[in-house]
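Text of final_31.pdb, listed as PDB, N, CA and C atoms and all ligand atoms:
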```pdb
ATOM      1  N   MET A   1       0.847  -1.198   0.000
ATOM      2  CA  MET A   1       0.000   0.000   0.000
ATOM      3  C   MET A   1       0.886   1.252   0.000
ATOM      4  N   ASN A   2       0.682   2.148  -0.974
ATOM      5  CA  ASN A   2       1.497   3.364  -0.966
ATOM      6  C   ASN A   2       0.888   4.396  -0.014
ATOM      7  N   LYS A   3       1.581   5.530   0.102
ATOM      8  CA  LYS A   3       1.169   6.540   1.092
ATOM      9  C   LYS A   3      -0.242   7.088   0.796
ATOM     10  N   THR A   4      -0.519   7.319  -0.475
ATOM     11  CA  THR A   4      -1.848   7.847  -0.831
ATOM     12  C   THR A   4      -2.941   6.845  -0.456
ATOM     13  N   GLU A   5      -2.706   5.579  -0.802
ATOM     14  CA  GLU A   5      -3.699   4.545  -0.472
ATOM     15  C   GLU A   5      -3.883   4.432   1.043
ATOM     16  N   LYS A   6      -2.765   4.532   1.749
ATOM     17  CA  LYS A   6      -2.818   4.433   3.203
ATOM     18  C   LYS A   6      -3.629   5.599   3.791
ATOM     19  N   ASP A   7      -3.347   6.808   3.301
ATOM     20  CA  ASP A   7      -4.090   7.987   3.779
ATOM     21  C   ASP A   7      -5.581   7.853   3.501
ATOM     22  N   ILE A   8      -5.909   7.326   2.312
ATOM     23  CA  ILE A   8      -7.322   7.166   1.944
ATOM     24  C   ILE A   8      -7.977   6.122   2.848
ATOM     25  N   ARG A   9      -7.254   5.050   3.100
ATOM     26  CA  ARG A   9      -7.794   4.011   3.983
ATOM     27  C   ARG A   9      -8.076   4.580   5.382
ATOM     28  N   ILE A  10      -7.150   5.393   5.885
ATOM     29  CA  ILE A  10      -7.339   5.982   7.221
ATOM     30  C   ILE A  10      -8.583   6.864   7.249
ATOM     31  N   VAL A  11      -8.672   7.765   6.284
ATOM     32  CA  VAL A  11      -9.785   8.710   6.323
ATOM     33  C   VAL A  11     -11.113   7.956   6.177
ATOM     34  N   LEU A  12     -11.143   6.918   5.345
ATOM     35  CA  LEU A  12     -12.379   6.147   5.187
ATOM     36  C   LEU A  12     -12.706   5.379   6.473
ATOM     37  N   ASP A  13     -11.702   4.823   7.111
ATOM     38  CA  ASP A  13     -11.945   4.114   8.374
ATOM     39  C   ASP A  13     -12.509   5.075   9.423
ATOM     40  N   PHE A  14     -11.961   6.273   9.470
ATOM     41  CA  PHE A  14     -12.426   7.250  10.454
ATOM     42  C   PHE A  14     -13.868   7.687  10.146
ATOM     43  N   ILE A  15     -14.169   7.873   8.879
ATOM     44  CA  ILE A  15     -15.542   8.268   8.508
ATOM     45  C   ILE A  15     -16.506   7.119   8.818
ATOM     46  N   LYS A  16     -16.069   5.878   8.573
ATOM     47  CA  LYS A  16     -16.897   4.706   8.875
ATOM     48  C   LYS A  16     -17.263   4.658  10.358
ATOM     49  N   ILE A  17     -16.251   4.846  11.203
ATOM     50  CA  ILE A  17     -16.486   4.822  12.655
ATOM     51  C   ILE A  17     -17.470   5.929  13.031
ATOM     52  N   TYR A  18     -17.204   7.111  12.508
ATOM     53  CA  TYR A  18     -18.040   8.265  12.831
ATOM     54  C   TYR A  18     -19.490   7.997  12.432
ATOM     55  N   CYS A  19     -19.688   7.525  11.220
ATOM     56  CA  CYS A  19     -21.045   7.299  10.720
ATOM     57  C   CYS A  19     -21.741   6.217  11.546
ATOM     58  N   ALA A  20     -21.032   5.142  11.843
ATOM     59  CA  ALA A  20     -21.636   4.046  12.610
ATOM     60  C   ALA A  20     -22.058   4.516  14.001
ATOM     61  N   GLN A  21     -21.283   5.405  14.597
ATOM     62  CA  GLN A  21     -21.582   5.843  15.959
ATOM     63  C   GLN A  21     -22.527   7.029  16.028
ATOM     64  N   LYS A  22     -22.338   7.969  15.137
ATOM     65  CA  LYS A  22     -23.106   9.221  15.234
ATOM     66  C   LYS A  22     -24.389   9.208  14.418
ATOM     67  N   HIS A  23     -24.462   8.342  13.438
ATOM     68  CA  HIS A  23     -25.645   8.315  12.574
ATOM     69  C   HIS A  23     -26.307   6.938  12.627
ATOM     70  N   LYS A  24     -26.472   6.466  13.842
ATOM     71  CA  LYS A  24     -27.021   5.114  14.029
ATOM     72  C   LYS A  24     -28.403   4.954  13.416
ATOM     73  N   ASN A  25     -29.194   6.001  13.467
ATOM     74  CA  ASN A  25     -30.579   5.880  12.989
ATOM     75  C   ASN A  25     -30.800   6.450  11.587
ATOM     76  N   VAL A  26     -29.712   6.670  10.893
ATOM     77  CA  VAL A  26     -29.837   7.207   9.535
ATOM     78  C   VAL A  26     -29.659   6.045   8.547
ATOM     79  N   ASP A  27     -30.471   6.028   7.498
ATOM     80  CA  ASP A  27     -30.343   4.964   6.486
ATOM     81  C   ASP A  27     -28.979   5.022   5.818
ATOM     82  N   LYS A  28     -28.386   3.849   5.655
ATOM     83  CA  LYS A  28     -27.051   3.780   5.046
ATOM     84  C   LYS A  28     -27.078   2.839   3.852
ATOM     85  N   VAL A  29     -26.128   3.049   2.965
ATOM     86  CA  VAL A  29     -25.995   2.105   1.851
ATOM     87  C   VAL A  29     -24.570   1.567   1.854
ATOM     88  N   PHE A  30     -24.419   0.335   1.347
ATOM     89  CA  PHE A  30     -23.073  -0.236   1.281
ATOM     90  C   PHE A  30     -22.363   0.297   0.037
ATOM     91  N   ILE A  31     -21.208   0.887   0.256
ATOM     92  CA  ILE A  31     -20.433   1.429  -0.860
ATOM     93  C   ILE A  31     -19.272   0.480  -1.098
ATOM     94  N   GLU A  32     -19.367  -0.269  -2.156
ATOM     95  CA  GLU A  32     -18.398  -1.338  -2.389
ATOM     96  C   GLU A  32     -16.963  -0.808  -2.502
ATOM     97  N   GLU A  33     -16.767   0.266  -3.257
ATOM     98  CA  GLU A  33     -15.398   0.754  -3.457
ATOM     99  C   GLU A  33     -14.744   1.218  -2.147
ATOM    100  N   TYR A  34     -15.578   1.596  -1.176
ATOM    101  CA  TYR A  34     -15.035   2.022   0.120
ATOM    102  C   TYR A  34     -15.170   0.921   1.172
ATOM    103  N   ASN A  35     -15.833  -0.180   0.798
ATOM    104  CA  ASN A  35     -16.090  -1.271   1.735
ATOM    105  C   ASN A  35     -16.710  -0.734   3.027
ATOM    106  N   ALA A  36     -17.743   0.097   2.849
ATOM    107  CA  ALA A  36     -18.306   0.767   4.014
ATOM    108  C   ALA A  36     -19.803   0.997   3.867
ATOM    109  N   MET A  37     -20.491   0.943   5.021
ATOM    110  CA  MET A  37     -21.888   1.356   5.084
ATOM    111  C   MET A  37     -21.862   2.834   5.465
ATOM    112  N   LEU A  38     -22.412   3.677   4.615
ATOM    113  CA  LEU A  38     -22.369   5.114   4.911
ATOM    114  C   LEU A  38     -23.721   5.763   4.641
ATOM    115  N   CYS A  39     -24.025   6.789   5.430
ATOM    116  CA  CYS A  39     -25.227   7.584   5.173
ATOM    117  C   CYS A  39     -24.893   8.591   4.061
ATOM    118  N   PRO A  40     -25.882   9.244   3.500
ATOM    119  CA  PRO A  40     -25.607  10.169   2.383
ATOM    120  C   PRO A  40     -24.602  11.275   2.730
ATOM    121  N   ASP A  41     -24.714  11.864   3.914
ATOM    122  CA  ASP A  41     -23.788  12.951   4.283
ATOM    123  C   ASP A  41     -22.352  12.443   4.396
ATOM    124  N   CYS A  42     -22.195  11.289   5.034
ATOM    125  CA  CYS A  42     -20.837  10.753   5.202
ATOM    126  C   CYS A  42     -20.276  10.279   3.865
ATOM    127  N   LEU A  43     -21.164   9.817   2.984
ATOM    128  CA  LEU A  43     -20.688   9.431   1.653
ATOM    129  C   LEU A  43     -20.176  10.667   0.898
ATOM    130  N   ASP A  44     -20.885  11.770   1.018
ATOM    131  CA  ASP A  44     -20.426  13.030   0.397
ATOM    132  C   ASP A  44     -19.042  13.403   0.916
ATOM    133  N   LEU A  45     -18.907  13.317   2.234
ATOM    134  CA  LEU A  45     -17.625  13.673   2.848
ATOM    135  C   LEU A  45     -16.522  12.715   2.390
ATOM    136  N   ALA A  46     -16.842  11.423   2.351
ATOM    137  CA  ALA A  46     -15.851  10.428   1.934
ATOM    138  C   ALA A  46     -15.391  10.697   0.498
ATOM    139  N   ARG A  47     -16.348  10.950  -0.371
ATOM    140  CA  ARG A  47     -15.994  11.206  -1.776
ATOM    141  C   ARG A  47     -15.125  12.452  -1.888
ATOM    142  N   TYR A  48     -15.495  13.455  -1.130
ATOM    143  CA  TYR A  48     -14.745  14.715  -1.173
ATOM    144  C   TYR A  48     -13.313  14.490  -0.652
ATOM    145  N   ALA A  49     -13.205  13.824   0.485
ATOM    146  CA  ALA A  49     -11.893  13.603   1.096
ATOM    147  C   ALA A  49     -10.987  12.771   0.187
ATOM    148  N   VAL A  50     -11.556  11.756  -0.450
ATOM    149  CA  VAL A  50     -10.755  10.916  -1.355
ATOM    150  C   VAL A  50     -10.279  11.760  -2.546
ATOM    151  N   LYS A  51     -11.185  12.576  -3.071
ATOM    152  CA  LYS A  51     -10.831  13.422  -4.217
ATOM    153  C   LYS A  51      -9.714  14.416  -3.842
ATOM    154  N   ARG A  52      -9.833  15.017  -2.677
ATOM    155  CA  ARG A  52      -8.806  15.976  -2.234
ATOM    156  C   ARG A  52      -7.454  15.271  -2.088
ATOM    157  N   ARG A  53      -7.498  14.093  -1.483
ATOM    158  CA  ARG A  53      -6.236  13.357  -1.250
ATOM    159  C   ARG A  53      -5.582  12.965  -2.571
ATOM    160  N   MET A  54      -6.407  12.533  -3.534
ATOM    161  CA  MET A  54      -5.855  12.125  -4.833
ATOM    162  C   MET A  54      -5.241  13.324  -5.563
ATOM    163  N   ALA A  55      -5.820  14.503  -5.336
ATOM    164  CA  ALA A  55      -5.357  15.699  -6.050
ATOM    165  C   ALA A  55      -4.309  16.481  -5.262
ATOM    166  N   CYS A  56      -3.945  15.997  -4.088
ATOM    167  CA  CYS A  56      -3.011  16.757  -3.238
ATOM    168  C   CYS A  56      -1.660  16.954  -3.944
ATOM    169  N   PRO A  57      -1.222  18.222  -4.070
ATOM    170  CA  PRO A  57       0.033  18.482  -4.766
ATOM    171  C   PRO A  57       1.271  18.385  -3.864
ATOM    172  N   LYS A  58       1.065  18.207  -2.581
ATOM    173  CA  LYS A  58       2.188  18.234  -1.639
ATOM    174  C   LYS A  58       2.964  16.922  -1.658
ATOM    175  N   ASN A  59       4.267  17.057  -1.685
ATOM    176  CA  ASN A  59       5.116  15.866  -1.614
ATOM    177  C   ASN A  59       6.457  16.244  -0.957
ATOM    178  N   PRO A  60       6.690  15.828   0.253
ATOM    179  CA  PRO A  60       5.831  14.962   1.069
ATOM    180  C   PRO A  60       4.605  15.718   1.572
ATOM    181  N   LYS A  61       3.533  14.970   1.774
ATOM    182  CA  LYS A  61       2.291  15.589   2.228
ATOM    183  C   LYS A  61       2.316  15.764   3.750
ATOM    184  N   PRO A  62       2.052  17.002   4.190
ATOM    185  CA  PRO A  62       1.952  17.204   5.648
ATOM    186  C   PRO A  62       0.563  16.773   6.117
ATOM    187  N   PRO A  63       0.337  16.674   7.423
ATOM    188  CA  PRO A  63      -1.042  16.470   7.871
ATOM    189  C   PRO A  63      -1.870  17.662   7.378
ATOM    190  N   CYS A  64      -3.088  17.424   6.927
ATOM    191  CA  CYS A  64      -3.899  18.513   6.357
ATOM    192  C   CYS A  64      -4.029  19.688   7.325
ATOM    193  N   LYS A  65      -4.113  19.393   8.622
ATOM    194  CA  LYS A  65      -4.317  20.516   9.546
ATOM    195  C   LYS A  65      -3.071  21.402   9.655
ATOM    196  N   LYS A  66      -1.926  20.924   9.153
ATOM    197  CA  LYS A  66      -0.714  21.752   9.172
ATOM    198  C   LYS A  66      -0.366  22.288   7.786
ATOM    199  N   CYS A  67      -1.244  22.075   6.828
ATOM    200  CA  CYS A  67      -0.962  22.468   5.443
ATOM    201  C   CYS A  67      -0.964  23.996   5.292
ATOM    202  N   ASP A  68       0.006  24.530   4.524
ATOM    203  CA  ASP A  68       0.055  25.986   4.326
ATOM    204  C   ASP A  68      -0.812  26.446   3.154
ATOM    205  N   THR A  69      -1.329  25.506   2.362
ATOM    206  CA  THR A  69      -2.264  25.868   1.285
ATOM    207  C   THR A  69      -3.485  24.945   1.359
ATOM    208  N   PRO A  70      -4.242  25.063   2.439
ATOM    209  CA  PRO A  70      -5.346  24.123   2.633
ATOM    210  C   PRO A  70      -6.357  24.144   1.494
ATOM    211  N   CYS A  71      -6.792  22.956   1.079
ATOM    212  CA  CYS A  71      -7.645  22.871  -0.107
ATOM    213  C   CYS A  71      -9.090  22.499   0.208
ATOM    214  N   TYR A  72      -9.399  22.216   1.472
ATOM    215  CA  TYR A  72     -10.776  21.841   1.806
ATOM    216  C   TYR A  72     -11.679  23.072   1.830
ATOM    217  N   SER A  73     -12.903  22.913   1.342
ATOM    218  CA  SER A  73     -13.884  23.998   1.457
ATOM    219  C   SER A  73     -14.255  24.117   2.938
ATOM    220  N   PRO A  74     -14.706  25.310   3.362
ATOM    221  CA  PRO A  74     -15.038  25.481   4.783
ATOM    222  C   PRO A  74     -16.022  24.425   5.286
ATOM    223  N   LYS A  75     -17.003  24.081   4.470
ATOM    224  CA  LYS A  75     -18.019  23.103   4.887
ATOM    225  C   LYS A  75     -17.378  21.755   5.230
ATOM    226  N   PHE A  76     -16.531  21.259   4.353
ATOM    227  CA  PHE A  76     -15.940  19.944   4.577
ATOM    228  C   PHE A  76     -14.765  19.992   5.555
ATOM    229  N   LYS A  77     -14.141  21.144   5.643
ATOM    230  CA  LYS A  77     -13.023  21.265   6.584
ATOM    231  C   LYS A  77     -13.507  21.058   8.021
ATOM    232  N   GLY A  78     -14.608  21.738   8.366
ATOM    233  CA  GLY A  78     -15.163  21.591   9.709
ATOM    234  C   GLY A  78     -15.607  20.162   9.961
ATOM    235  N   LYS A  79     -16.194  19.569   8.941
ATOM    236  CA  LYS A  79     -16.741  18.216   9.081
ATOM    237  C   LYS A  79     -15.614  17.186   9.261
ATOM    238  N   ILE A  80     -14.584  17.300   8.456
ATOM    239  CA  ILE A  80     -13.520  16.281   8.542
ATOM    240  C   ILE A  80     -12.770  16.411   9.870
ATOM    241  N   ARG A  81     -12.641  17.630  10.347
ATOM    242  CA  ARG A  81     -12.005  17.820  11.663
ATOM    243  C   ARG A  81     -12.806  17.134  12.750
ATOM    244  N   GLU A  82     -14.117  17.324  12.687
ATOM    245  CA  GLU A  82     -14.997  16.709  13.682
ATOM    246  C   GLU A  82     -14.881  15.177  13.617
ATOM    247  N   VAL A  83     -14.870  14.646  12.398
ATOM    248  CA  VAL A  83     -14.788  13.193  12.211
ATOM    249  C   VAL A  83     -13.455  12.654  12.745
ATOM    250  N   MET A  84     -12.347  13.299  12.381
ATOM    251  CA  MET A  84     -11.034  12.791  12.788
ATOM    252  C   MET A  84     -10.889  12.845  14.311
ATOM    253  N   LYS A  85     -11.414  13.915  14.902
ATOM    254  CA  LYS A  85     -11.326  14.045  16.357
ATOM    255  C   LYS A  85     -12.187  12.972  17.034
ATOM    256  N   PHE A  86     -13.419  12.862  16.604
ATOM    257  CA  PHE A  86     -14.330  11.901  17.233
ATOM    258  C   PHE A  86     -13.782  10.475  17.107
ATOM    259  N   SER A  87     -13.397  10.095  15.908
ATOM    260  CA  SER A  87     -12.974   8.709  15.694
ATOM    261  C   SER A  87     -11.615   8.434  16.335
ATOM    262  N   GLY A  88     -10.745   9.439  16.382
ATOM    263  CA  GLY A  88      -9.451   9.276  17.063
ATOM    264  C   GLY A  88      -9.674   8.984  18.539
ATOM    265  N   ILE A  89     -10.559   9.767  19.154
ATOM    266  CA  ILE A  89     -10.863   9.562  20.577
ATOM    267  C   ILE A  89     -11.550   8.205  20.770
ATOM    268  N   TYR A  90     -12.434   7.866  19.846
ATOM    269  CA  TYR A  90     -13.149   6.576  19.915
ATOM    270  C   TYR A  90     -12.147   5.417  19.936
ATOM    271  N   LEU A  91     -11.165   5.483  19.045
ATOM    272  CA  LEU A  91     -10.177   4.405  18.975
ATOM    273  C   LEU A  91      -9.322   4.349  20.238
ATOM    274  N   ILE A  92      -8.920   5.503  20.727
ATOM    275  CA  ILE A  92      -8.090   5.527  21.943
ATOM    276  C   ILE A  92      -8.863   4.939  23.118
ATOM    277  N   LYS A  93     -10.119   5.332  23.246
ATOM    278  CA  LYS A  93     -10.939   4.843  24.371
ATOM    279  C   LYS A  93     -11.127   3.336  24.313
ATOM    280  N   ARG A  94     -11.093   2.792  23.118
ATOM    281  CA  ARG A  94     -11.286   1.347  22.981
ATOM    282  C   ARG A  94      -9.961   0.598  22.879
ATOM    283  N   GLY A  95      -8.909   1.246  23.312
ATOM    284  CA  GLY A  95      -7.613   0.573  23.357
ATOM    285  C   GLY A  95      -7.033   0.294  21.987
ATOM    286  N   ARG A  96      -7.469   1.074  20.964
ATOM    287  CA  ARG A  96      -6.938   0.852  19.615
ATOM    288  C   ARG A  96      -5.879   1.889  19.236
ATOM    289  N   LEU A  97      -5.088   2.244  20.229
ATOM    290  CA  LEU A  97      -3.978   3.161  19.985
ATOM    291  C   LEU A  97      -3.015   2.541  18.967
ATOM    292  N   ASP A  98      -2.976   1.208  18.968
ATOM    293  CA  ASP A  98      -2.112   0.502  18.009
ATOM    294  C   ASP A  98      -2.479   0.868  16.571
ATOM    295  N   TYR A  99      -3.795   0.997  16.323
ATOM    296  CA  TYR A  99      -4.246   1.363  14.976
ATOM    297  C   TYR A  99      -3.701   2.741  14.613
ATOM    298  N   LEU A 100      -3.853   3.667  15.544
ATOM    299  CA  LEU A 100      -3.419   5.042  15.265
ATOM    300  C   LEU A 100      -1.912   5.093  15.049
ATOM    301  N   LEU A 101      -1.184   4.421  15.917
ATOM    302  CA  LEU A 101       0.276   4.465  15.809
ATOM    303  C   LEU A 101       0.738   3.806  14.515
ATOM    304  N   HIS A 102       0.080   2.730  14.163
ATOM    305  CA  HIS A 102       0.446   2.006  12.945
ATOM    306  C   HIS A 102       0.284   2.901  11.714
ATOM    307  N   TYR A 103      -0.849   3.607  11.666
ATOM    308  CA  TYR A 103      -1.131   4.383  10.473
ATOM    309  C   TYR A 103      -0.510   5.766  10.461
ATOM    310  N   PHE A 104      -0.240   6.323  11.619
ATOM    311  CA  PHE A 104       0.261   7.687  11.623
ATOM    312  C   PHE A 104       1.763   7.793  11.754
ATOM    313  N   LYS A 105       2.465   6.652  11.718
ATOM    314  CA  LYS A 105       3.923   6.760  11.832
ATOM    315  C   LYS A 105       4.527   7.108  10.473
TER
HETATM  316  S1  LIG B   1      -5.145  20.350   2.821
HETATM  317 FE1  LIG B   1      -3.060  20.480   1.978
HETATM  318  S2  LIG B   1      -2.122  18.539   2.546
HETATM  319 FE2  LIG B   1      -4.325  18.258   2.787
HETATM  320  S3  LIG B   1      -5.019  17.390   0.817
HETATM  321 FE3  LIG B   1      -5.248  19.645   0.687
HETATM  322  S4  LIG B   1      -3.328  20.371  -0.243
HETATM  323 FE4  LIG B   1      -2.972  18.272   0.487
HETATM  324 ZN    ZN B   2     -23.079   9.201   8.456
END
```
Would you kindly transcribe this structure into structure tokens?
Ligand code: SF4
Ligand SMILES: [Zn+2]
Amino acid sequence: MNKTEKDIRIVLDFIKIYCAQKHKNVDKVFIEEYNAMLCPDCLDLARYAVKRRMACPKNPKPPCKKCDTPCYSPKFKGKIREVMKFSGIYLIKRGRLDYLLHYFK
């Protein structure tokens, strides 16, 4: 798995966790290419995040929150921050620090 694929996998995993926990009562569809059950809003965010990552001109790529030319629209920027924070805390609380360390090293 290259760095881009790894970054995409992380962001999709985080969106999956967020959607499963925060949108429990919202109808979801299985998205085969993402291997995820997502509600319409989270699917929009996932598609947007994947597109941004694929088009990222930075090499090496910094964490998006430290980027000097941020490319996210205000709407999705707030949303992805909320998702990454929520799911990061979710993983830590469930003893999945190993996941975070594995992917963020
Ligand atoms: S915010 Fe910066 S680092 Fe993140 S995808 Fe956009 S250009 Fe790349
Ligand atoms: Zn959702």
Determine, using all atoms listed in the file, which residues of chain A have any atom at most 6 Å from an atom of ligand ZN 2 (chain B), and tabulate each with its shortest atom pair and distance in Å to one decimal place, rows ordered by chain and then rising number, as a Markdown table.
```
| residue | atom | partner | partner_atom | distance |
| --- | --- | --- | --- | --- |
| A:Tyr18 | C | B:ZN2 | ZN | 5.5 |
| A:Cys19 | CA | B:ZN2 | ZN | 3.6 |
| A:Ala20 | N | B:ZN2 | ZN | 5.7 |
| A:His23 | CA | B:ZN2 | ZN | 4.9 |
| A:Leu38 | C | B:ZN2 | ZN | 5.2 |
| A:Cys39 | N | B:ZN2 | ZN | 4.0 |
| A:Pro40 | N | B:ZN2 | ZN | 5.7 |
| A:Asp41 | C | B:ZN2 | ZN | 5.2 |
| A:Cys42 | N | B:ZN2 | ZN | 4.1 |
| A:Leu43 | N | B:ZN2 | ZN | 5.8 |
```
Ligand LIG 1 (chain B) neighbours within 6.5 Å using only N, CA and C atoms and all ligand atoms, as an NGL selection string
:A and (52-53 or 55-58 or 61-65 or 67-72)
Please put the answer as lines of an AutoDock Vina configuration file: centre and edge lengths, in Å with one decimal, of a box along x, y and z that encloses all listed atoms of segment 13-26 of chain A plus 8 Å on each side.
```
center_x = -21.3
center_y = 6.6
center_z = 11.6
size_x = 35.1
size_y = 21.2
size_z = 24.9
```
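The shortest atom-to-atom distance to Lys79 of chain A, with all atoms listed in the file taken into account, belongs to A:Leu45 out of A:Asn59, A:Leu45, A:Val50, A:Gly95.
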Can you check which residues of chain A DSSP gives as helix (DSSP H, G or I) on the backbone and send them as a ChimeraX atom specification?
/A:3-22,32-34,40-55,64-66,74-93,97-104
_Top pick for closest residue to Ile8 of chain A, considering A:Asp44, A:Ala49, A:Ile89, A:Val26 and counting only N, CA and C atoms_ =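 Between A:Asp44, A:Ala49, A:Ile89, A:Val26, the residue approaching Ile8 of chain A most closely is A:Ala49.
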Atom C of Lys3 of chain A to atom N of Leu97 of chain A measures 20.6 Å
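We find atom CA of Ile15 of chain A and atom CA of Val83 of chain A to be spaced 6.2 Å apart.
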Have a look at atom CA of Lys77 of chain A and atom C of Arg9 of chain A and let me know their distance in Å, one decimal.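 Separation of atom CA of Lys77 of chain A and atom C of Arg9 of chain A: 17.4 Å.
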